[in-house]
Structure formats: structure tokens, C-alpha cells
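For reference, the structure is listed below as C-alpha cells.
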Amino acid sequence: MDLQLAAKVLLVDDEEEFIELMSQRLETKGLKVVAVTSGEKALSEIEDHTFDVAVVDLAMPGIDGIETLKQIKERRGDIEVIMLTGQATVQSGIEAMKHGAIDFLEKPVDLTVLLEKIRQAKKERMRALDKKSDEEMKSILKSKSW
């Protein structure tokens, strides 16, 4: 099974037309997409649902992209985050990576590039979850007396 096909993506951007179009394009490629228009809504979604990857816009009213990234990582560290921006600066890219973003892409984003980044992020998340479950299994086995 292709990793990309099973990916559950949270798309966060205050531009409604952008997320509607991007959601449709990603869904036609087999991804499961939930699109929200604010950082606040994104944080609410991660409480109720499981996502492999969050694609978060940097500049949003209310909770901005960096704060959304920080809170996603704080609450659900297993979700990989890809940042998107219309006004990329080296500083904002460094800031995003420092807070745990796996990548930083400029708008308008090429769909092929975004799909590849989502695939890589999903693979990275699966690797991390596998490692965590292996460690938990070793710990359980070590604690048993048999």
C-alpha cells in the first residue's frame, strides 16, 4: 500500500479559496483531508482526530502559524508539521524548524512537491511511532519475570 494514500492531513490556512482548492486536489490523490481556517480550529481538530501531517500557513489572524505549530507539537508531538507561507523569510523558516516543523514551503506550492513532502512526513511519523512501540514492548518484556 502506498503510504501517501493512507495519509490523514490537517490543512490550516485562513484563505478559504486556497484550502478548498487544495483539499480537493489532495483528496483526488487519495489523501484524507480536514481543512480549517484558523489555528484555533486546528487545535480543536487535533483533540478529536488523529492526523499524520498538518500543513499550516505561517501568517494567520488569531493564533499564527508558529504558535499553531508549537501547540500542535506540545499536544500531539507525533503529528508532523509542514509550514506554508506566502512571504518566506530565512528567519521564519529557521523559527519554524526550531519548533519542530519537518519542512517549510513557499506559496504558491507545487502540488507534486507538497505530495512528496506529505509522503516523507507520513513515513517519518510511522518510523517514530514504530520506534516508540518497540521501546514500549522492550520495557514490558523487561518487566516480566518469565
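How things are named: the first chain in the C-alpha cells is A, the next is B, and so on; residues count from 1 in each chain; ligands count from 1 in the order shown.
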
Long-range neighbours of region 29-34 of chain A as an MDAnalysis selection string, 6 Å cut-off, only C-alpha atoms, 6 positions minimum in chain: chainID A and resid 5 7:10

Please return, as an MDAnalysis selection string, all residues of region 31-135 of chain A that DSSP assigns to strand (DSSP E or B) on the basis of the backbone. chainID A and resid 32:36 53:57 80:85 101:106

Just to be explicit: take each residue in the selection above, keep N, CA and C atoms, and write the result as a PDB file, in the first residue's frame.
ATOM      1  N   LYS A  32      -6.787  11.795   2.909  1.00  0.00           N
ATOM      2  CA  LYS A  32      -7.948  12.187   3.703  1.00  0.00           C
ATOM      3  C   LYS A  32      -7.613  13.556   4.277  1.00  0.00           C
ATOM      4  N   VAL A  33      -8.432  14.558   3.957  1.00  0.00           N
ATOM      5  CA  VAL A  33      -8.107  15.932   4.332  1.00  0.00           C
ATOM      6  C   VAL A  33      -9.210  16.544   5.186  1.00  0.00           C
ATOM      7  N   VAL A  34      -8.797  17.205   6.260  1.00  0.00           N
ATOM      8  CA  VAL A  34      -9.686  18.059   7.044  1.00  0.00           C
ATOM      9  C   VAL A  34      -9.096  19.453   6.912  1.00  0.00           C
ATOM     10  N   ALA A  35      -9.918  20.403   6.446  1.00  0.00           N
ATOM     11  CA  ALA A  35      -9.435  21.765   6.238  1.00  0.00           C
ATOM     12  C   ALA A  35     -10.109  22.718   7.224  1.00  0.00           C
ATOM     13  N   VAL A  36      -9.285  23.554   7.861  1.00  0.00           N
ATOM     14  CA  VAL A  36      -9.799  24.551   8.802  1.00  0.00           C
ATOM     15  C   VAL A  36      -9.163  25.901   8.499  1.00  0.00           C
ATOM     16  N   VAL A  53      -0.142  14.339   9.286  1.00  0.00           N
ATOM     17  CA  VAL A  53       0.561  15.554   8.878  1.00  0.00           C
ATOM     18  C   VAL A  53      -0.381  16.746   8.978  1.00  0.00           C
ATOM     19  N   ALA A  54       0.158  17.869   9.451  1.00  0.00           N
ATOM     20  CA  ALA A  54      -0.566  19.141   9.414  1.00  0.00           C
ATOM     21  C   ALA A  54       0.205  20.064   8.473  1.00  0.00           C
ATOM     22  N   VAL A  55      -0.515  20.678   7.541  1.00  0.00           N
ATOM     23  CA  VAL A  55       0.073  21.667   6.637  1.00  0.00           C
ATOM     24  C   VAL A  55      -0.483  23.004   7.102  1.00  0.00           C
ATOM     25  N   VAL A  56       0.397  23.847   7.655  1.00  0.00           N
ATOM     26  CA  VAL A  56      -0.032  25.053   8.367  1.00  0.00           C
ATOM     27  C   VAL A  56       0.522  26.309   7.709  1.00  0.00           C
ATOM     28  N   ASP A  57      -0.374  27.271   7.449  1.00  0.00           N
ATOM     29  CA  ASP A  57       0.045  28.564   6.909  1.00  0.00           C
ATOM     30  C   ASP A  57       0.722  29.363   8.020  1.00  0.00           C
ATOM     31  N   GLU A  80       3.426  15.322  12.245  1.00  0.00           N
ATOM     32  CA  GLU A  80       4.462  16.060  11.516  1.00  0.00           C
ATOM     33  C   GLU A  80       3.825  17.339  10.950  1.00  0.00           C
ATOM     34  N   VAL A  81       4.574  18.429  10.973  1.00  0.00           N
ATOM     35  CA  VAL A  81       4.033  19.712  10.515  1.00  0.00           C
ATOM     36  C   VAL A  81       4.877  20.267   9.372  1.00  0.00           C
ATOM     37  N   ILE A  82       4.177  20.626   8.288  1.00  0.00           N
ATOM     38  CA  ILE A  82       4.797  21.300   7.155  1.00  0.00           C
ATOM     39  C   ILE A  82       4.246  22.718   7.152  1.00  0.00           C
ATOM     40  N   MET A  83       5.122  23.700   7.151  1.00  0.00           N
ATOM     41  CA  MET A  83       4.693  25.093   7.139  1.00  0.00           C
ATOM     42  C   MET A  83       4.613  25.608   5.708  1.00  0.00           C
ATOM     43  N   LEU A  84       3.603  26.448   5.458  1.00  0.00           N
ATOM     44  CA  LEU A  84       3.442  27.115   4.162  1.00  0.00           C
ATOM     45  C   LEU A  84       3.460  28.611   4.393  1.00  0.00           C
ATOM     46  N   THR A  85       4.028  29.355   3.458  1.00  0.00           N
ATOM     47  CA  THR A  85       3.995  30.794   3.590  1.00  0.00           C
ATOM     48  C   THR A  85       4.000  31.490   2.242  1.00  0.00           C
ATOM     49  N   ALA A 101       8.902  21.924  12.895  1.00  0.00           N
ATOM     50  CA  ALA A 101       8.361  21.717  11.543  1.00  0.00           C
ATOM     51  C   ALA A 101       9.317  20.804  10.774  1.00  0.00           C
ATOM     52  N   ILE A 102       8.759  19.909   9.987  1.00  0.00           N
ATOM     53  CA  ILE A 102       9.588  18.992   9.212  1.00  0.00           C
ATOM     54  C   ILE A 102      10.024  19.653   7.902  1.00  0.00           C
ATOM     55  N   ASP A 103       9.230  20.656   7.447  1.00  0.00           N
ATOM     56  CA  ASP A 103       9.575  21.356   6.216  1.00  0.00           C
ATOM     57  C   ASP A 103       8.895  22.715   6.161  1.00  0.00           C
ATOM     58  N   PHE A 104       9.333  23.535   5.220  1.00  0.00           N
ATOM     59  CA  PHE A 104       8.863  24.910   5.074  1.00  0.00           C
ATOM     60  C   PHE A 104       8.769  25.202   3.582  1.00  0.00           C
ATOM     61  N   LEU A 105       7.550  25.396   3.058  1.00  0.00           N
ATOM     62  CA  LEU A 105       7.345  25.592   1.626  1.00  0.00           C
ATOM     63  C   LEU A 105       6.735  26.961   1.328  1.00  0.00           C
ATOM     64  N   GLU A 106       7.101  27.506   0.171  1.00  0.00           N
ATOM     65  CA  GLU A 106       6.565  28.799  -0.251  1.00  0.00           C
ATOM     66  C   GLU A 106       5.343  28.632  -1.126  1.00  0.00           C
TER      67      GLU A 106
END

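Those residues that approach Met126 (chain A) to within 12 Å, counting only C-alpha atoms, are Leu3, Gln4, Ala6, Ala7, Phe51, Asp52, Val53, Asp78, Ile79, Glu80, Arg119, Gln120, Ala121, Lys122, Lys123, Glu124, Ala128, Leu129, Asp130, Lys131, Lys132 and Ser133 of chain A; same-chain residues fewer than 2 positions away are not listed.
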
Once you have the residues from the selection above, write them out as a compact mmCIF listing (two decimals), in the first residue's frame, restricted to C-alpha atoms.
# COMPACT_ATOMS: atom_id res chain seq x y z
CA LEU A 3 1.95 5.49 2.29
CA GLN A 4 0.65 8.64 0.69
CA ALA A 6 -3.44 6.50 3.69
CA ALA A 7 -2.19 9.89 4.93
CA PHE A 51 -3.61 13.17 11.78
CA ASP A 52 -0.33 12.12 10.21
CA VAL A 53 0.56 15.55 8.88
CA ASP A 78 3.58 12.66 16.78
CA ILE A 79 1.95 14.90 14.13
CA GLU A 80 4.46 16.06 11.52
CA ARG A 119 4.62 11.31 1.89
CA GLN A 120 8.01 11.91 3.56
CA ALA A 121 6.35 13.34 6.68
CA LYS A 122 3.98 10.36 6.96
CA LYS A 123 6.94 7.98 6.58
CA GLU A 124 8.85 9.87 9.30
CA ALA A 128 8.89 7.40 15.04
CA LEU A 129 5.74 5.54 16.13
CA ASP A 130 7.36 2.17 15.32
CA LYS A 131 10.41 3.10 17.38
CA LYS A 132 8.22 4.19 20.29
CA SER A 133 6.20 0.96 20.23

Polymer residues at most 9 Å from Leu58 (chain A), only C-alpha atoms, same-chain spacing of 4 or more positions, as a list in words: Asp13, Asp64, Gly65, Ile66, Thr68, Met83, Leu84, Thr85, Gly86, Gln87, Ala88, Ser92 and Ala96 of chain A

Take the residues from that selection and put them in a file with N, CA and C atoms, as an mmCIF file, in the first residue's frame.
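Saved the output as result_38.cif:
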data_model
loop_
_atom_site.group_PDB
_atom_site.id
_atom_site.type_symbol
_atom_site.label_atom_id
_atom_site.label_comp_id
_atom_site.auth_asym_id
_atom_site.auth_seq_id
_atom_site.Cartn_x
_atom_site.Cartn_y
_atom_site.Cartn_z
ATOM 1 N N ASP A 13 -5.276 27.091 6.934
ATOM 2 C CA ASP A 13 -4.978 28.334 6.209
ATOM 3 C C ASP A 13 -6.199 29.236 6.303
ATOM 4 N N ASP A 64 -1.159 32.559 15.132
ATOM 5 C CA ASP A 64 -0.433 32.470 13.851
ATOM 6 C C ASP A 64 0.157 31.071 13.665
ATOM 7 N N GLY A 65 0.796 30.870 12.515
ATOM 8 C CA GLY A 65 1.316 29.553 12.167
ATOM 9 C C GLY A 65 2.351 29.014 13.137
ATOM 10 N N ILE A 66 3.260 29.881 13.583
ATOM 11 C CA ILE A 66 4.313 29.424 14.521
ATOM 12 C C ILE A 66 3.685 28.987 15.847
ATOM 13 N N THR A 68 0.590 27.991 16.282
ATOM 14 C CA THR A 68 -0.173 26.770 15.986
ATOM 15 C C THR A 68 0.774 25.571 15.971
ATOM 16 N N MET A 83 5.122 23.700 7.151
ATOM 17 C CA MET A 83 4.693 25.093 7.139
ATOM 18 C C MET A 83 4.613 25.608 5.708
ATOM 19 N N LEU A 84 3.603 26.448 5.458
ATOM 20 C CA LEU A 84 3.442 27.115 4.162
ATOM 21 C C LEU A 84 3.460 28.611 4.393
ATOM 22 N N THR A 85 4.028 29.355 3.458
ATOM 23 C CA THR A 85 3.995 30.794 3.590
ATOM 24 C C THR A 85 4.000 31.490 2.242
ATOM 25 N N GLY A 86 3.334 32.638 2.232
ATOM 26 C CA GLY A 86 3.334 33.477 1.042
ATOM 27 C C GLY A 86 4.460 34.484 1.100
ATOM 28 N N GLN A 87 5.016 34.686 2.293
ATOM 29 C CA GLN A 87 6.109 35.658 2.442
ATOM 30 C C GLN A 87 7.254 35.046 3.239
ATOM 31 N N ALA A 88 7.934 34.126 2.596
ATOM 32 C CA ALA A 88 9.019 33.402 3.272
ATOM 33 C C ALA A 88 10.197 34.312 3.588
ATOM 34 N N SER A 92 11.825 33.255 9.468
ATOM 35 C CA SER A 92 10.611 32.496 9.773
ATOM 36 C C SER A 92 10.814 31.010 9.507
ATOM 37 N N ALA A 96 10.407 28.164 12.370
ATOM 38 C CA ALA A 96 9.502 27.016 12.201
ATOM 39 C C ALA A 96 10.242 25.701 12.432
#

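If you count only C-alpha atoms and ignore residues fewer than 6 places along the chain from region 70-72 of chain A, what sits within 8 Å of it is Leu43, Ile46, Ile79, His99 and Gly100 of chain A.
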
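For the pair CA of Gly62 (chain A) and CA of Ser38 (chain A), the separation is 7.4 Å.
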
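Minimum atom-to-atom distance to Glu40 (chain A), evaluated using only C-alpha atoms, belongs to A:Glu67 out of A:Glu20, A:Glu67, A:Glu136, A:Glu27.
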